[in-house]
$ cat start_14.pdb   # PDB, C-alpha atoms, pLDDT in the B column
MODEL        1
ATOM      1  CA  MET V 146       9.645  25.725 -26.509  1.00 93.00           C
ATOM      2  CA  PHE V 147      11.605  27.314 -23.637  1.00 95.00           C
ATOM      3  CA  ASP V 148      14.553  28.038 -25.925  1.00 96.00           C
ATOM      4  CA  TYR V 149      12.309  29.313 -28.712  1.00 96.00           C
ATOM      5  CA  LEU V 150      10.450  31.749 -26.464  1.00 96.00           C
ATOM      6  CA  LEU V 151      13.695  33.040 -24.975  1.00 96.00           C
ATOM      7  CA  SER V 152      15.024  33.596 -28.490  1.00 95.00           C
ATOM      8  CA  GLN V 153      12.141  36.069 -28.919  1.00 95.00           C
ATOM      9  CA  HIS V 154      13.261  38.183 -25.947  1.00 95.00           C
ATOM     10  CA  ASP V 155      14.586  41.007 -28.149  1.00 92.00           C
ATOM     11  CA  ARG V 156      11.168  41.189 -29.767  1.00 94.00           C
ATOM     12  CA  TYR V 157       8.871  40.843 -26.743  1.00 93.00           C
ATOM     13  CA  LYS V 158      11.094  41.839 -23.753  1.00 94.00           C
ATOM     14  CA  TRP V 159       9.802  39.283 -21.267  1.00 96.00           C
ATOM     15  CA  ASP V 160       9.102  40.873 -17.847  1.00 97.00           C
ATOM     16  CA  PHE V 161       9.836  37.570 -16.104  1.00 97.00           C
ATOM     17  CA  VAL V 162       9.863  33.808 -16.708  1.00 98.00           C
ATOM     18  CA  GLN V 163       8.568  31.196 -14.283  1.00 98.00           C
ATOM     19  CA  ILE V 164      10.781  28.134 -13.864  1.00 98.00           C
ATOM     20  CA  GLN V 165      10.962  25.117 -11.571  1.00 97.00           C
ATOM     21  CA  MET V 166      14.053  25.408  -9.379  1.00 98.00           C
ATOM     22  CA  ASN V 167      15.245  23.769  -6.188  1.00 98.00           C
ATOM     23  CA  TYR V 168      18.501  22.255  -4.990  1.00 98.00           C
ATOM     24  CA  LEU V 169      17.550  18.750  -6.182  1.00 96.00           C
ATOM     25  CA  ASP V 170      16.386  19.877  -9.630  1.00 96.00           C
ATOM     26  CA  TRP V 171      19.520  21.995 -10.166  1.00 97.00           C
ATOM     27  CA  HIS V 172      21.507  18.981 -11.391  1.00 96.00           C
ATOM     28  CA  HIS V 173      19.067  16.051 -11.129  1.00 94.00           C
ATOM     29  CA  ALA V 174      15.786  17.116 -12.782  1.00 93.00           C
ATOM     30  CA  ARG V 175      16.328  14.915 -15.831  1.00 90.00           C
ATOM     31  CA  GLU V 176      17.257  11.930 -13.647  1.00 87.00           C
ATOM     32  CA  ILE V 177      14.023  12.341 -11.704  1.00 81.00           C
ATOM     33  CA  ASN V 178      11.928  12.797 -14.842  1.00 82.00           C
ATOM     34  CA  PRO V 179      13.393  12.605 -18.393  1.00 84.00           C
ATOM     35  CA  ARG V 180      10.812  15.161 -19.560  1.00 86.00           C
ATOM     36  CA  ASN V 181      12.264  17.819 -17.260  1.00 91.00           C
ATOM     37  CA  THR V 182      15.274  20.101 -17.740  1.00 95.00           C
ATOM     38  CA  ASP V 183      17.910  20.748 -15.088  1.00 97.00           C
ATOM     39  CA  ALA V 184      17.285  24.046 -13.319  1.00 97.00           C
ATOM     40  CA  GLU V 185      20.930  25.014 -13.804  1.00 97.00           C
ATOM     41  CA  TYR V 186      20.204  25.386 -17.530  1.00 98.00           C
ATOM     42  CA  LEU V 187      16.834  27.136 -17.093  1.00 98.00           C
ATOM     43  CA  TYR V 188      18.179  29.708 -14.648  1.00 98.00           C
ATOM     44  CA  GLY V 189      21.397  30.136 -16.615  1.00 97.00           C
ATOM     45  CA  GLU V 190      19.535  31.048 -19.799  1.00 97.00           C
ATOM     46  CA  LEU V 191      17.476  33.666 -17.928  1.00 98.00           C
ATOM     47  CA  SER V 192      20.531  35.045 -16.182  1.00 97.00           C
ATOM     48  CA  LYS V 193      22.396  35.521 -19.485  1.00 95.00           C
ATOM     49  CA  ARG V 194      19.544  37.690 -20.728  1.00 96.00           C
ATOM     50  CA  GLY V 195      18.894  39.526 -17.459  1.00 96.00           C
ATOM     51  CA  ILE V 196      15.312  38.205 -17.243  1.00 97.00           C
ATOM     52  CA  PRO V 197      13.899  38.013 -13.679  1.00 98.00           C
ATOM     53  CA  ALA V 198      12.862  34.530 -12.534  1.00 98.00           C
ATOM     54  CA  VAL V 199       9.726  33.491 -10.672  1.00 98.00           C
ATOM     55  CA  ILE V 200      10.459  30.215  -8.895  1.00 98.00           C
ATOM     56  CA  MET V 201       7.930  27.402  -8.620  1.00 97.00           C
ATOM     57  CA  GLU V 202       8.321  24.064  -6.804  1.00 95.00           C
ATOM     58  CA  PRO V 203      10.983  25.255  -4.315  1.00 97.00           C
ATOM     59  CA  LEU V 204      10.091  22.164  -2.231  1.00 96.00           C
ATOM     60  CA  LEU V 205       9.594  19.864  -5.246  1.00 93.00           C
ATOM     61  CA  GLY V 206       5.963  19.165  -4.399  1.00 87.00           C
ATOM     62  CA  GLY V 207       6.746  18.941  -0.686  1.00 88.00           C
ATOM     63  CA  ARG V 208       9.455  16.290  -1.105  1.00 87.00           C
ATOM     64  CA  LEU V 209      12.209  18.578   0.204  1.00 93.00           C
ATOM     65  CA  SER V 210      10.335  19.052   3.481  1.00 91.00           C
ATOM     66  CA  LYS V 211       9.879  15.265   3.941  1.00 84.00           C
ATOM     67  CA  VAL V 212      13.353  13.932   3.328  1.00 84.00           C
ATOM     68  CA  HIS V 213      15.138  10.785   4.509  1.00 78.00           C
ATOM     69  CA  ASP V 214      15.876  10.724   8.246  1.00 77.00           C
ATOM     70  CA  HIS V 215      19.602  10.727   7.496  1.00 74.00           C
ATOM     71  CA  ILE V 216      19.165  13.883   5.435  1.00 86.00           C
ATOM     72  CA  VAL V 217      17.156  15.531   8.218  1.00 89.00           C
ATOM     73  CA  ALA V 218      19.992  14.760  10.638  1.00 85.00           C
ATOM     74  CA  ARG V 219      22.530  16.176   8.165  1.00 89.00           C
ATOM     75  CA  LEU V 220      20.609  19.463   7.827  1.00 95.00           C
ATOM     76  CA  LYS V 221      19.821  19.752  11.534  1.00 94.00           C
ATOM     77  CA  GLN V 222      23.481  19.237  12.413  1.00 93.00           C
ATOM     78  CA  ARG V 223      24.264  22.407  10.492  1.00 94.00           C
ATOM     79  CA  GLU V 224      21.276  24.517  11.593  1.00 94.00           C
ATOM     80  CA  PRO V 225      19.454  22.907  14.557  1.00 95.00           C
ATOM     81  CA  GLU V 226      16.949  25.768  14.866  1.00 93.00           C
ATOM     82  CA  ARG V 227      15.988  25.933  11.198  1.00 94.00           C
ATOM     83  CA  SER V 228      13.365  23.733   9.551  1.00 96.00           C
ATOM     84  CA  VAL V 229      14.273  21.305   6.781  1.00 96.00           C
ATOM     85  CA  ALA V 230      12.080  23.320   4.394  1.00 96.00           C
ATOM     86  CA  SER V 231      13.877  26.576   5.179  1.00 97.00           C
ATOM     87  CA  TRP V 232      17.052  25.277   3.496  1.00 98.00           C
ATOM     88  CA  ALA V 233      15.132  24.825   0.238  1.00 98.00           C
ATOM     89  CA  PHE V 234      13.481  28.233   0.500  1.00 98.00           C
ATOM     90  CA  ARG V 235      16.785  29.977   1.219  1.00 98.00           C
ATOM     91  CA  TYR V 236      18.267  28.187  -1.798  1.00 98.00           C
ATOM     92  CA  ALA V 237      15.420  29.305  -4.063  1.00 98.00           C
ATOM     93  CA  GLY V 238      15.617  32.910  -2.901  1.00 97.00           C
ATOM     94  CA  THR V 239      19.390  33.344  -2.988  1.00 97.00           C
ATOM     95  CA  PRO V 240      20.312  33.628  -6.690  1.00 97.00           C
ATOM     96  CA  GLU V 241      20.521  37.084  -8.221  1.00 94.00           C
ATOM     97  CA  GLY V 242      17.608  37.747 -10.498  1.00 94.00           C
ATOM     98  CA  VAL V 243      15.005  35.782  -8.524  1.00 97.00           C
ATOM     99  CA  LEU V 244      11.942  38.004  -8.429  1.00 97.00           C
ATOM    100  CA  THR V 245       9.769  35.887  -6.145  1.00 96.00           C
ATOM    101  CA  VAL V 246       9.358  32.335  -4.863  1.00 97.00           C
ATOM    102  CA  LEU V 247       5.949  30.659  -4.987  1.00 96.00           C
ATOM    103  CA  SER V 248       4.820  28.338  -2.210  1.00 91.00           C
ATOM    104  CA  GLY V 249       1.606  26.448  -1.557  1.00 90.00           C
ATOM    105  CA  MET V 250       1.011  26.484   2.196  1.00 89.00           C
ATOM    106  CA  THR V 251      -1.545  24.276   3.963  1.00 88.00           C
ATOM    107  CA  TYR V 252      -1.058  25.184   7.612  1.00 93.00           C
ATOM    108  CA  MET V 253      -0.384  28.381   9.535  1.00 96.00           C
ATOM    109  CA  GLU V 254       2.954  27.005  10.770  1.00 95.00           C
ATOM    110  CA  HIS V 255       4.088  26.694   7.129  1.00 94.00           C
ATOM    111  CA  LEU V 256       3.304  30.370   6.570  1.00 95.00           C
ATOM    112  CA  GLU V 257       5.047  31.374   9.796  1.00 96.00           C
ATOM    113  CA  ASP V 258       8.151  29.326   8.956  1.00 96.00           C
ATOM    114  CA  ASN V 259       8.328  30.838   5.460  1.00 96.00           C
ATOM    115  CA  LEU V 260       8.006  34.335   6.881  1.00 96.00           C
ATOM    116  CA  ARG V 261      10.848  33.649   9.312  1.00 95.00           C
ATOM    117  CA  THR V 262      12.973  32.408   6.396  1.00 96.00           C
ATOM    118  CA  TYR V 263      12.347  35.470   4.220  1.00 96.00           C
ATOM    119  CA  SER V 264      12.033  38.234   6.810  1.00 94.00           C
ATOM    120  CA  PRO V 265      14.828  38.914   6.207  1.00 94.00           C
ATOM    121  CA  LEU V 266      16.301  36.345   3.823  1.00 96.00           C
ATOM    122  CA  LYS V 267      19.772  35.174   4.784  1.00 95.00           C
ATOM    123  CA  PRO V 268      21.319  34.229   1.409  1.00 97.00           C
ATOM    124  CA  LEU V 269      23.216  30.975   1.226  1.00 97.00           C
ATOM    125  CA  THR V 270      26.987  31.190   1.191  1.00 97.00           C
ATOM    126  CA  GLU V 271      28.932  29.435  -1.544  1.00 97.00           C
ATOM    127  CA  GLU V 272      29.904  26.747   0.968  1.00 97.00           C
ATOM    128  CA  GLU V 273      26.277  26.230   2.049  1.00 97.00           C
ATOM    129  CA  THR V 274      25.196  25.938  -1.585  1.00 97.00           C
ATOM    130  CA  THR V 275      27.831  23.256  -2.171  1.00 97.00           C
ATOM    131  CA  PHE V 276      26.614  21.523   0.986  1.00 96.00           C
ATOM    132  CA  LEU V 277      23.074  21.397  -0.470  1.00 97.00           C
ATOM    133  CA  TYR V 278      24.314  20.042  -3.805  1.00 96.00           C
ATOM    134  CA  ASP V 279      26.160  17.298  -1.904  1.00 93.00           C
ATOM    135  CA  THR V 280      22.939  16.665   0.030  1.00 93.00           C
ATOM    136  CA  ALA V 281      21.033  16.349  -3.260  1.00 94.00           C
ATOM    137  CA  ASP V 282      23.586  13.799  -4.504  1.00 90.00           C
ATOM    138  CA  LEU V 283      23.010  11.752  -1.331  1.00 83.00           C
ATOM    139  CA  MET V 284      19.233  11.928  -1.787  1.00 84.00           C
ATOM    140  CA  MET V 285      19.501  10.480  -5.283  1.00 83.00           C
ATOM    141  CA  HIS V 286      20.954   7.299  -3.790  1.00 72.00           C
ATOM    142  CA  PHE V 287      17.658   6.543  -2.010  1.00 64.00           C
ATOM    143  CA  PRO V 288      15.056   4.983  -4.361  1.00 70.00           C
ATOM    144  CA  THR V 289      12.013   6.958  -3.264  1.00 80.00           C
ATOM    145  CA  ILE V 290       9.084   7.490  -5.660  1.00 89.00           C
ATOM    146  CA  PRO V 291       8.218  11.171  -6.357  1.00 84.00           C
ATOM    147  CA  CYS V 292       4.617  10.883  -5.094  1.00 90.00           C
ATOM    148  CA  ASN V 293       3.351  13.914  -3.163  1.00 86.00           C
ATOM    149  CA  ASP V 294      -0.091  12.417  -2.318  1.00 92.00           C
ATOM    150  CA  CYS V 295      -2.030  14.779  -4.589  1.00 93.00           C
ATOM    151  CA  LYS V 296      -4.488  11.912  -5.334  1.00 95.00           C
ATOM    152  CA  TYR V 297      -4.975  12.998  -8.962  1.00 96.00           C
ATOM    153  CA  CYS V 298      -4.513   9.309  -9.863  1.00 97.00           C
ATOM    154  CA  MET V 299      -7.588   8.393  -7.843  1.00 97.00           C
ATOM    155  CA  PRO V 300     -10.035   6.769  -7.869  1.00 96.00           C
ATOM    156  CA  CYS V 301      -8.502   3.620  -9.300  1.00 97.00           C
ATOM    157  CA  PRO V 302     -11.138   1.651 -11.274  1.00 96.00           C
ATOM    158  CA  TYR V 303      -9.923  -1.521  -9.585  1.00 96.00           C
ATOM    159  CA  GLY V 304      -9.991  -0.101  -6.073  1.00 96.00           C
ATOM    160  CA  LEU V 305      -6.251   0.214  -5.395  1.00 97.00           C
ATOM    161  CA  ASP V 306      -5.058   2.791  -2.886  1.00 97.00           C
ATOM    162  CA  ILE V 307      -2.293   4.064  -5.167  1.00 98.00           C
ATOM    163  CA  PRO V 308      -1.034   6.949  -2.963  1.00 96.00           C
ATOM    164  CA  GLY V 309      -1.210   4.743   0.139  1.00 97.00           C
ATOM    165  CA  ILE V 310       0.994   2.078  -1.480  1.00 97.00           C
ATOM    166  CA  LEU V 311       3.580   4.552  -2.777  1.00 96.00           C
ATOM    167  CA  LEU V 312       3.686   6.556   0.457  1.00 95.00           C
ATOM    168  CA  HIS V 313       4.152   3.432   2.589  1.00 94.00           C
ATOM    169  CA  TYR V 314       7.076   2.390   0.402  1.00 93.00           C
ATOM    170  CA  ASN V 315       8.630   5.883   0.622  1.00 89.00           C
ATOM    171  CA  LYS V 316       8.110   5.963   4.398  1.00 88.00           C
ATOM    172  CA  CYS V 317       9.958   2.656   4.790  1.00 88.00           C
ATOM    173  CA  VAL V 318      12.804   3.882   2.587  1.00 84.00           C
ATOM    174  CA  ASN V 319      13.068   7.056   4.666  1.00 78.00           C
ATOM    175  CA  GLU V 320      13.087   5.086   7.923  1.00 78.00           C
ATOM    176  CA  GLY V 321      15.565   2.473   6.706  1.00 73.00           C
ATOM    177  CA  ASN V 322      12.974  -0.332   6.671  1.00 80.00           C
ATOM    178  CA  VAL V 323      13.663  -1.553   3.124  1.00 79.00           C
ATOM    179  CA  PRO V 324      16.187  -4.393   3.583  1.00 75.00           C
ATOM    180  CA  GLU V 325      18.583  -4.807   0.671  1.00 69.00           C
ATOM    181  CA  ASN V 326      19.112  -8.539   1.258  1.00 74.00           C
ATOM    182  CA  GLU V 327      18.896 -11.269   3.885  1.00 78.00           C
ATOM    183  CA  GLN V 328      22.443 -10.529   5.044  1.00 76.00           C
ATOM    184  CA  ALA V 329      21.563  -6.945   5.998  1.00 72.00           C
ATOM    185  CA  GLU V 330      22.092  -6.233   9.690  1.00 74.00           C
ATOM    186  CA  ASN V 331      18.496  -5.140  10.328  1.00 76.00           C
ATOM    187  CA  TYR V 332      16.864  -7.576   7.880  1.00 85.00           C
ATOM    188  CA  ARG V 333      14.387  -9.208  10.274  1.00 87.00           C
ATOM    189  CA  GLU V 334      13.282  -5.945  11.895  1.00 87.00           C
ATOM    190  CA  ALA V 335      13.000  -4.124   8.573  1.00 87.00           C
ATOM    191  CA  ARG V 336      11.120  -7.018   6.922  1.00 90.00           C
ATOM    192  CA  ARG V 337       8.619  -7.164   9.764  1.00 90.00           C
ATOM    193  CA  ALA V 338       8.159  -3.373   9.826  1.00 90.00           C
ATOM    194  CA  PHE V 339       7.571  -3.226   6.061  1.00 92.00           C
ATOM    195  CA  LEU V 340       5.075  -6.100   5.832  1.00 94.00           C
ATOM    196  CA  ILE V 341       3.084  -5.318   8.985  1.00 94.00           C
ATOM    197  CA  GLY V 342       3.059  -1.614   8.162  1.00 94.00           C
ATOM    198  CA  TYR V 343       1.874  -2.384   4.620  1.00 96.00           C
ATOM    199  CA  ASP V 344      -1.129  -4.375   5.845  1.00 96.00           C
ATOM    200  CA  ARG V 345      -1.979  -1.668   8.359  1.00 95.00           C
ATOM    201  CA  SER V 346      -1.608   1.195   5.885  1.00 94.00           C
ATOM    202  CA  VAL V 347      -3.338  -0.377   2.882  1.00 96.00           C
ATOM    203  CA  PRO V 348      -6.233  -2.913   3.061  1.00 95.00           C
ATOM    204  CA  LYS V 349      -5.332  -6.180   1.321  1.00 95.00           C
ATOM    205  CA  LEU V 350      -7.898  -5.724  -1.463  1.00 95.00           C
ATOM    206  CA  ARG V 351      -6.357  -2.323  -2.278  1.00 97.00           C
ATOM    207  CA  GLN V 352      -2.711  -3.442  -2.408  1.00 97.00           C
ATOM    208  CA  ALA V 353      -0.363  -3.486  -5.397  1.00 97.00           C
ATOM    209  CA  ASP V 354      -0.989  -7.127  -6.330  1.00 96.00           C
ATOM    210  CA  HIS V 355      -4.433  -6.134  -7.610  1.00 96.00           C
ATOM    211  CA  CYS V 356      -3.058  -3.785 -10.296  1.00 97.00           C
ATOM    212  CA  ILE V 357      -3.869  -5.096 -13.803  1.00 96.00           C
ATOM    213  CA  GLY V 358      -1.819  -2.431 -15.615  1.00 96.00           C
ATOM    214  CA  CYS V 359      -4.776  -0.615 -17.197  1.00 97.00           C
ATOM    215  CA  ARG V 360      -2.738   2.648 -17.022  1.00 96.00           C
ATOM    216  CA  GLN V 361      -5.800   4.854 -16.485  1.00 96.00           C
ATOM    217  CA  CYS V 362      -3.927   6.537 -13.628  1.00 97.00           C
ATOM    218  CA  VAL V 363      -0.793   7.444 -15.619  1.00 96.00           C
ATOM    219  CA  PRO V 364      -2.018  10.547 -17.544  1.00 96.00           C
ATOM    220  CA  HIS V 365      -3.325  12.119 -14.327  1.00 96.00           C
ATOM    221  CA  CYS V 366      -0.017  12.080 -12.414  1.00 95.00           C
ATOM    222  CA  PRO V 367       1.608  15.555 -12.389  1.00 91.00           C
ATOM    223  CA  GLN V 368       4.933  13.942 -11.436  1.00 88.00           C
ATOM    224  CA  ASN V 369       4.773  11.670 -14.521  1.00 89.00           C
ATOM    225  CA  ILE V 370       5.275   8.551 -12.410  1.00 93.00           C
ATOM    226  CA  ASN V 371       4.928   5.280 -14.315  1.00 94.00           C
ATOM    227  CA  ILE V 372       2.471   4.093 -11.668  1.00 97.00           C
ATOM    228  CA  PRO V 373       1.825   0.515 -12.924  1.00 97.00           C
ATOM    229  CA  LYS V 374       5.573  -0.087 -13.196  1.00 95.00           C
ATOM    230  CA  GLU V 375       6.168   1.160  -9.638  1.00 95.00           C
ATOM    231  CA  LEU V 376       3.236  -0.858  -8.270  1.00 97.00           C
ATOM    232  CA  ASN V 377       4.575  -3.979  -9.978  1.00 96.00           C
ATOM    233  CA  ARG V 378       8.045  -3.325  -8.544  1.00 93.00           C
ATOM    234  CA  ILE V 379       6.629  -2.872  -5.034  1.00 95.00           C
ATOM    235  CA  ASN V 380       4.478  -5.997  -5.370  1.00 95.00           C
ATOM    236  CA  ASP V 381       7.507  -8.063  -6.458  1.00 94.00           C
ATOM    237  CA  PHE V 382       9.438  -6.692  -3.479  1.00 91.00           C
ATOM    238  CA  VAL V 383       6.568  -7.575  -1.100  1.00 94.00           C
ATOM    239  CA  GLU V 384       6.355 -11.121  -2.472  1.00 93.00           C
ATOM    240  CA  GLU V 385      10.112 -11.613  -2.067  1.00 91.00           C
ATOM    241  CA  LEU V 386       9.874 -10.385   1.514  1.00 90.00           C
ATOM    242  CA  LYS V 387       6.937 -12.692   2.260  1.00 90.00           C
ATOM    243  CA  GLN V 388       8.761 -15.703   0.796  1.00 87.00           C
ATOM    244  CA  GLY V 389      12.049 -14.760   2.477  1.00 78.00           C
ATOM    245  CA  ARG V 390      13.815 -14.827  -0.903  1.00 74.00           C
ATOM    246  CA  LEU V 391      15.296 -11.316  -0.776  1.00 66.00           C
TER     247      LEU V 391
ENDMDL
END
$ encode --input "start_14.pdb" --output "structure tokens"
Amino acid sequence: MFDYLLSQHDRYKWDFVQIQMNYLDWHHAREINPRNTDAEYLYGELSKRGIPAVIMEPLLGGRLSKVHDHIVARLKQREPERSVASWAFRYAGTPEGVLTVLSGMTYMEHLEDNLRTYSPLKPLTEEETTFLYDTADLMMHFPTIPCNDCKYCMPCPYGLDIPGILLHYNKCVNEGNVPENEQAENYREARRAFLIGYDRSVPKLRQADHCIGCRQCVPHCPQNINIPKELNRINDFVEELKQGRL
């Protein structure tokens, strides 16, 4: 559909096209979700035709403001005074032909930080852009689930706290509390942190082991997460941790 509508540009002369673009989606959109298209292609097709771009999801549903602690340290080492989110906003605003960048802001500090980033915008250098692409490659090595806690999947008919389960898992990944195996250096500490944190974050009757795979949640997820599959994976991981079989 995107290609077809662009092929009609000579006929309709599109004033602008809205696309999803951020430094993770530039090369990895299809890896994150097979239904998506890499932003490199979307932007490139607009650029070839001189069509201005309106950018949505510069933070990928907030994920690029809540990155792995190692990624935070990597960004802060370069720009200690800048927020993690500001890197993504500078990236989205830098390319020629970007007309505007859309952002949903919940708190006043988000608005203030965005204003600091864009007033005036300091475009990324070529080296900084490469640095962000390398950062995106690193992020793809961490198996987080693209849940942004929108709660569209709720309520679960069987009482599961779906966002709570997914967010606890992501939090443990980000903090390094997902042990790969029993030989891992921090296995005991990470195992304890994951299991105790799980029980504290999600009541036992609302945990992943109660999912029956009815799939009523799946059509409501804007990130197209296969929720039953992820819940089953997390439950298997929890059981292996409990039994000490990991």
$ resolve_selection --input "start_14.pdb" --expression "the PyMOL selection byres ((chain V and resi 238-253) around 9)" --output "PyMOL selection string"
chain V and resi 161+191-192+195-204+206+233-237+254-259+263+266-270
$ atom_distance --input "start_14.pdb" --atom1 "CA of Ile379 (chain V)" --atom2 "CA of Asn331 (chain V)"
19.5 Å
$ resolve_selection --input "start_14.pdb" --expression "the PyMOL selection byres ((chain V and resi 318-322) around 12)" --output "ChimeraX atom specification"
/V:208,211-218,284,286-290,311-317,323-326,329-343,379,386
$ resolve_selection --input "start_14.pdb" --expression "the PyMOL selection byres ((chain V and resi 280) around 9)" --output "PyMOL selection string"
chain V and resi 168-169+216+219-220+275-279+281-285
$ residues_around --input "start_14.pdb" --residues "Trp171 (chain V)" --least-positions-apart "3" --cutoff "8 Å" --atoms "only C-alpha atoms" --output "list in words"
Met166, Asn167, Tyr168, Ala174, Asp183, Ala184 and Glu185 of chain V
$ closest_residue --input "start_14.pdb" --among "V:Arg261, V:Ile307, V:Tyr188, V:Arg175" --to "Arg360 (chain V)" --atoms "all atoms listed in the file"
V:Ile307
$ closest_residue --input "start_14.pdb" --among "V:Asn178, V:Thr274, V:Gln222, V:Gln328" --to "Pro291 (chain V)" --atoms "only C-alpha atoms"
V:Asn178
$ residues_near_point --input "start_14.pdb" --point "(-2.4, 4.4, -10.9)" --cutoff "10 Å" --atoms "only C-alpha atoms" --output "VMD selection string"
chain V and resid 296 to 303 305 to 308 353 356 358 to 366 370 to 376
$ residues_around --input "start_14.pdb" --residues "Gln388 (chain V)" --least-positions-apart "3" --cutoff "12 Å" --atoms "only C-alpha atoms" --output "PyMOL selection string"
chain V and resi 327+336+340+381-385+391
$ write_last_selection --input "start_14.pdb" --atoms "C-alpha atoms" --output "short mmCIF file (atom, residue, chain, number, x, y, z; two decimals), in the frame of the given file"
data_model
loop_
_atom_site.label_atom_id
_atom_site.label_comp_id
_atom_site.auth_asym_id
_atom_site.auth_seq_id
_atom_site.Cartn_x
_atom_site.Cartn_y
_atom_site.Cartn_z
CA GLU V 327 18.90 -11.27 3.88
CA ARG V 336 11.12 -7.02 6.92
CA LEU V 340 5.08 -6.10 5.83
CA ASP V 381 7.51 -8.06 -6.46
CA PHE V 382 9.44 -6.69 -3.48
CA VAL V 383 6.57 -7.58 -1.10
CA GLU V 384 6.36 -11.12 -2.47
CA GLU V 385 10.11 -11.61 -2.07
CA LEU V 391 15.30 -11.32 -0.78
#
$ axis_aligned_box --input "start_14.pdb" --around "region 203-217 of chain V" --padding-each-side "4 Å" --output "lines of an AutoDock Vina configuration file"
center_x = 12.8
center_y = 18.0
center_z = 1.5
size_x = 21.6
size_y = 22.5
size_z = 21.5
$ closest_residue --input "start_14.pdb" --among "V:Ser231, V:Ile164, V:Lys387, V:Arg351" --to "Leu260 (chain V)" --atoms "all atoms listed in the file"
V:Ser231
